[in-house]
Amino acid sequence: MSRPAYAEIDIAALKHNLSLVRKHAPQSKIISVVKANAYGHGAVNVAKALDADTDMMTVSCIEEAAALRKFGIKADILLLEGVFEAQELAECVRLKLDLVVHNSEQVEQLSNCKIDQTFNVWLKVDTGMHRLGILPEETQFFYKKLQNCSCVSTIRLMTHFSSADLLEHPINSIQIQRFSEQLREFERADIIVESSMANSAGILAWPQSHYDWVRPGIMLYGISPFAFQHEHAKALQAVMTLKSKVIAVREIAEGEIVGYGATWKANKPSRIATIAIGYGDGYPRNAKSGTPVLVNGQRAKLAGRVSMDLIGVDITDLDKVCVGDEVELWGKQLSVNEVANWADTIGYELVTRMPARVPRIYKNS
Ligand SMILES: *Cc1c(COP(=O)(O)O)cnc(C)c1O
């Protein structure tokens with residue numbers, strides 16, 4: 001390896017986090033969310049590690065599903081937005097994919113579908129997020145339409161929380177209530193149907209939303225979905241640790257500046273370490289001066305603007321730091337959510353947009 005920046009991916013931690021999902025939702029089956037390259041962790045390697053232990057996986061599009069099948073993933077795979085056009089249905093059959101159906105157009109596509117094999121479909125109900133899904137009061141109407149499609153076999157119901165991480169927000173109980181009301185209507189009509197609602201925050205904070213299937217994403221990667229300390233998120237183990245090395249150390253006089261735009265100025269004689277990591281490696285450019293960086297396990301502060309390949313860190317108050325010393329940008333010892341907060345974003349975004357140039361190094365213990 002030449003460039004010292006890399007993302008260590010801890011597969012044992014991933015499996016530990018999956019076991020926490022089972023612990024919190026022991027009655028539910030698990031749909032592991034591996035969309036967007038498994039939130040930047042590498043979909044194929046993550047899916048291989050989860051394949052035997054998850055009940056299903058889910059991705060956002062046919063290309064993501066095809067990549068998993070190509071590498072031998074056996075688990076059922078669900079397409080989270082279904083198909084974007086009817087022509088994709090034949091490929092879905094070939095890849096053995098389950099489909100979300102979230103609007104009347106997709107129901108029509110299945111009604112008109114001439115394929116002589118069948119799909120499992122997940123009818124998505126909009127209980128209040130107002131992003132995808134049919135109206136709650138139309139659930140049975142569309143369910144029956146789907147039952148009449150020759151290419152549809154099992155039909156399940158799902159919905160999605162808008163704000164499960166905000167424990168005090170009234171929208172959560174409204175959504176749970178609307179979904180459970182639909183499920184009661186199905187019971188009254190003697191229709192047995194499986195259902196799914198909870199994402200990571202739902203799994204950890206809303207046990208009444210667990211139903212038959214849960215859909216963990218961020219918690220599998222060991223990142224808390226909450227912006228505050230939550231008792232149930234404590235046991236999560238970070239899967240991605242972004243690391244690099246110190247490649248230069250210098251002393252600067254009081255009044256000297258560091259980095260592009262001269263935004264950081266030394267208010268006393270200072271020592272600056274330059275680290276081989278930058279926004280070209282997924283380190284956020286809008287991280288402010290003061291963002292924590294671990295140098296040899298000691299907390300230091302980002303000094304000045306993030307460059308494409310490099311950052312400066314104020315190590316004036318640290319024990320001796322040398323060229324070649326280890327740096328952790330986030331992961332095991334420094335929460336990605338803490339770093340994200342300094343960059344006005346969330347941990348989800350930082351890991352998901354990790355670019356291809358950063359090698360993922362997988363380790364198993
Ligand atoms: C991404 C996604 C999830 C996972 O959400 P997390 O907050 O990462 O657990 C679950 N369900 C749907 C529909 C999603 O799009």
# chains A, B, ... in the order shown; residues from 1 in each chain; ligands from 1
$ residues_around --residues "A:Pro359" --least-positions-apart "4" --cutoff "9 Å" --atoms "only C-alpha atoms" --output "short mmCIF file (atom, residue, chain, number, x, y, z; two decimals) with all heavy atoms, in the first residue's frame"
data_model
loop_
_atom_site.label_atom_id
_atom_site.label_comp_id
_atom_site.auth_asym_id
_atom_site.auth_seq_id
_atom_site.Cartn_x
_atom_site.Cartn_y
_atom_site.Cartn_z
N ALA A 5 -3.81 6.27 3.59
CA ALA A 5 -5.22 6.40 3.99
C ALA A 5 -5.98 5.12 3.63
O ALA A 5 -5.91 4.65 2.51
CB ALA A 5 -5.86 7.58 3.27
N TYR A 6 -6.68 4.56 4.59
CA TYR A 6 -7.51 3.39 4.32
C TYR A 6 -8.64 3.29 5.32
O TYR A 6 -8.59 3.91 6.39
CB TYR A 6 -6.68 2.10 4.32
CG TYR A 6 -6.12 1.69 5.65
CD1 TYR A 6 -6.74 0.69 6.40
CD2 TYR A 6 -4.98 2.30 6.17
CE1 TYR A 6 -6.22 0.31 7.64
CE2 TYR A 6 -4.47 1.92 7.40
CZ TYR A 6 -5.10 0.93 8.13
OH TYR A 6 -4.60 0.56 9.35
N ALA A 7 -9.67 2.51 4.96
CA ALA A 7 -10.80 2.27 5.86
C ALA A 7 -10.74 0.81 6.29
O ALA A 7 -10.86 -0.08 5.46
CB ALA A 7 -12.12 2.58 5.16
N GLU A 8 -10.52 0.62 7.57
CA GLU A 8 -10.53 -0.74 8.10
C GLU A 8 -11.98 -1.12 8.36
O GLU A 8 -12.73 -0.36 8.97
CB GLU A 8 -9.73 -0.76 9.39
CG GLU A 8 -9.50 -2.13 9.95
CD GLU A 8 -8.57 -2.04 11.16
OE1 GLU A 8 -7.34 -2.03 10.96
OE2 GLU A 8 -9.10 -1.93 12.27
N PRO A 355 -15.15 7.50 -0.91
CA PRO A 355 -14.89 7.23 -2.33
C PRO A 355 -14.10 5.94 -2.56
O PRO A 355 -13.47 5.41 -1.64
CB PRO A 355 -14.09 8.44 -2.78
CG PRO A 355 -13.46 8.96 -1.55
CD PRO A 355 -14.36 8.62 -0.40
#
$ residues_near_ligand --ligand "ligand 1" --cutoff "6 Å" --atoms "only C-alpha atoms and all ligand atoms" --output "JSON, numbers by chain"
{"A": [33, 160, 199, 200, 215, 216, 217, 218]}
$ write_last_selection --atoms "C-alpha atoms" --output "PDB file, in the first residue's frame"
ATOM      1  CA  VAL A  33     -29.948  -2.956   4.479  1.00  0.00           C
ATOM      2  CA  HIS A 160     -41.181   3.726   6.925  1.00  0.00           C
ATOM      3  CA  ASN A 199     -35.383   0.929  10.715  1.00  0.00           C
ATOM      4  CA  SER A 200     -32.461   1.060  13.182  1.00  0.00           C
ATOM      5  CA  ARG A 215     -34.911  -3.376   8.480  1.00  0.00           C
ATOM      6  CA  PRO A 216     -31.629  -2.393  10.166  1.00  0.00           C
ATOM      7  CA  GLY A 217     -29.192  -0.242   8.222  1.00  0.00           C
ATOM      8  CA  ILE A 218     -26.974   2.151  10.163  1.00  0.00           C
TER       9      ILE A 218
END
$ residues_around --residues "A:Lys234" --least-positions-apart "3" --cutoff "12 Å" --atoms "only C-alpha atoms" --output "list in words"
Asn17, Leu20, Leu204, Met219, Gly222, Ile223, Ser224, Pro225, Phe226, Phe228, Gln229, His230, Glu231, Gln237, Ala238 and Ser335 of chain A
$ write_last_selection --atoms "all heavy atoms" --output "CSV table (one decimal), in the first residue's frame"
chain,number,residue,atom,x,y,z
A,17,ASN,N,-23.1,-6.6,15.6
A,17,ASN,CA,-24.2,-5.6,15.5
A,17,ASN,C,-25.5,-6.3,15.0
A,17,ASN,O,-26.6,-6.0,15.5
A,17,ASN,CB,-23.8,-4.4,14.6
A,17,ASN,CG,-22.7,-3.6,15.2
A,17,ASN,OD1,-22.5,-3.5,16.4
A,17,ASN,ND2,-21.9,-3.0,14.3
A,20,LEU,N,-27.1,-7.9,17.8
A,20,LEU,CA,-27.8,-7.0,18.7
A,20,LEU,C,-29.2,-6.7,18.1
A,20,LEU,O,-30.2,-6.6,18.8
A,20,LEU,CB,-27.1,-5.7,18.8
A,20,LEU,CG,-25.8,-5.6,19.6
A,20,LEU,CD1,-25.2,-4.2,19.7
A,20,LEU,CD2,-26.1,-6.1,21.1
A,204,LEU,N,-34.3,0.1,18.0
A,204,LEU,CA,-33.7,0.4,19.3
A,204,LEU,C,-34.7,1.1,20.2
A,204,LEU,O,-34.6,1.0,21.4
A,204,LEU,CB,-32.5,1.2,19.1
A,204,LEU,CG,-31.3,0.5,18.4
A,204,LEU,CD1,-30.2,1.5,18.0
A,204,LEU,CD2,-30.8,-0.7,19.2
A,219,MET,N,-27.4,0.7,12.1
A,219,MET,CA,-26.9,0.1,13.4
A,219,MET,C,-26.0,-1.1,13.0
A,219,MET,O,-25.1,-1.5,13.8
A,219,MET,CB,-28.0,-0.3,14.3
A,219,MET,CG,-28.9,-1.4,13.9
A,219,MET,SD,-30.2,-1.8,15.2
A,219,MET,CE,-29.2,-2.7,16.4
A,222,GLY,N,-22.6,-0.2,13.1
A,222,GLY,CA,-22.1,0.2,14.5
A,222,GLY,C,-22.2,1.7,14.7
A,222,GLY,O,-21.6,2.3,15.6
A,223,ILE,N,-23.1,2.4,14.0
A,223,ILE,CA,-23.3,3.8,14.1
A,223,ILE,C,-24.7,4.1,14.7
A,223,ILE,O,-25.7,3.5,14.3
A,223,ILE,CB,-23.1,4.5,12.8
A,223,ILE,CG1,-21.7,4.3,12.2
A,223,ILE,CG2,-23.4,6.0,12.9
A,223,ILE,CD1,-21.6,4.7,10.7
A,224,SER,N,-24.7,4.9,15.8
A,224,SER,CA,-26.0,5.1,16.4
A,224,SER,C,-26.9,6.0,15.5
A,224,SER,O,-26.4,7.0,14.9
A,224,SER,CB,-25.8,5.9,17.7
A,224,SER,OG,-27.0,6.3,18.2
A,225,PRO,N,-28.2,5.7,15.4
A,225,PRO,CA,-29.1,6.5,14.6
A,225,PRO,C,-29.5,7.8,15.4
A,225,PRO,O,-30.1,8.7,14.8
A,225,PRO,CB,-30.3,5.6,14.4
A,225,PRO,CG,-30.3,4.6,15.5
A,225,PRO,CD,-28.8,4.4,15.9
A,226,PHE,N,-29.1,7.9,16.7
A,226,PHE,CA,-29.5,9.0,17.5
A,226,PHE,C,-28.4,10.0,17.6
A,226,PHE,O,-27.2,9.7,17.6
A,226,PHE,CB,-29.8,8.5,18.9
A,226,PHE,CG,-30.8,7.3,18.9
A,226,PHE,CD1,-30.4,6.0,19.2
A,226,PHE,CD2,-32.2,7.6,18.6
A,226,PHE,CE1,-31.3,5.0,19.2
A,226,PHE,CE2,-33.1,6.5,18.6
A,226,PHE,CZ,-32.6,5.2,18.9
A,228,PHE,N,-28.1,11.8,20.2
A,228,PHE,CA,-27.8,11.9,21.7
A,228,PHE,C,-27.4,10.5,22.1
A,228,PHE,O,-27.5,9.5,21.4
A,228,PHE,CB,-29.1,12.4,22.4
A,228,PHE,CG,-30.3,11.5,22.1
A,228,PHE,CD1,-30.6,10.4,22.9
A,228,PHE,CD2,-31.1,11.8,21.0
A,228,PHE,CE1,-31.7,9.6,22.6
A,228,PHE,CE2,-32.2,11.0,20.7
A,228,PHE,CZ,-32.4,9.9,21.5
A,229,GLN,N,-26.9,10.4,23.4
A,229,GLN,CA,-26.6,9.1,23.9
A,229,GLN,C,-27.8,8.3,24.2
A,229,GLN,O,-28.7,8.7,25.0
A,229,GLN,CB,-25.8,9.3,25.3
A,229,GLN,CG,-24.5,10.1,25.1
A,229,GLN,CD,-23.5,9.3,24.3
A,229,GLN,OE1,-23.4,8.1,24.3
A,229,GLN,NE2,-22.6,10.1,23.7
A,230,HIS,N,-28.0,7.2,23.6
A,230,HIS,CA,-29.1,6.3,23.9
A,230,HIS,C,-28.6,5.0,24.5
A,230,HIS,O,-27.7,4.4,23.9
A,230,HIS,CB,-29.9,6.0,22.6
A,230,HIS,CG,-31.3,5.4,22.8
A,230,HIS,ND1,-31.4,4.1,23.2
A,230,HIS,CD2,-32.5,5.8,22.7
A,230,HIS,CE1,-32.6,3.7,23.3
A,230,HIS,NE2,-33.4,4.8,23.0
A,231,GLU,N,-29.2,4.6,25.6
A,231,GLU,CA,-28.9,3.4,26.3
A,231,GLU,C,-28.7,2.2,25.3
A,231,GLU,O,-27.7,1.5,25.4
A,231,GLU,CB,-30.0,3.1,27.3
A,231,GLU,CG,-29.7,2.0,28.3
A,231,GLU,CD,-28.4,2.3,29.1
A,231,GLU,OE1,-28.1,3.5,29.4
A,231,GLU,OE2,-27.8,1.3,29.5
A,237,GLN,N,-20.8,-1.7,17.9
A,237,GLN,CA,-19.4,-1.6,17.7
A,237,GLN,C,-19.1,-1.0,16.3
A,237,GLN,O,-19.7,-1.5,15.3
A,237,GLN,CB,-18.8,-3.0,17.8
A,237,GLN,CG,-18.8,-3.6,19.2
A,237,GLN,CD,-18.2,-5.0,19.3
A,237,GLN,OE1,-17.7,-5.5,18.3
A,237,GLN,NE2,-18.3,-5.5,20.4
A,238,ALA,N,-18.3,0.0,16.2
A,238,ALA,CA,-18.0,0.7,14.9
A,238,ALA,C,-17.4,-0.3,14.0
A,238,ALA,O,-16.5,-1.1,14.3
A,238,ALA,CB,-17.1,1.9,15.1
A,335,SER,N,-16.2,8.6,17.5
A,335,SER,CA,-17.4,8.3,16.8
A,335,SER,C,-17.6,9.1,15.6
A,335,SER,O,-17.3,10.3,15.6
A,335,SER,CB,-18.6,8.5,17.8
A,335,SER,OG,-19.6,9.3,17.2
$ atom_distance --atom1 "atom CA of A:Ala189" --atom2 "atom CA of A:Ser173"
24.3 Å
$ closest_residue --among "A:Arg299, A:Arg250, A:Arg357, A:Lys124" --to "A:Ile277" --atoms "only C-alpha atoms"
A:Arg357
$ select_by_dssp --residues "stretch 99-212 of chain A" --states "alpha helix (DSSP H)" --output "count of residues only"
41
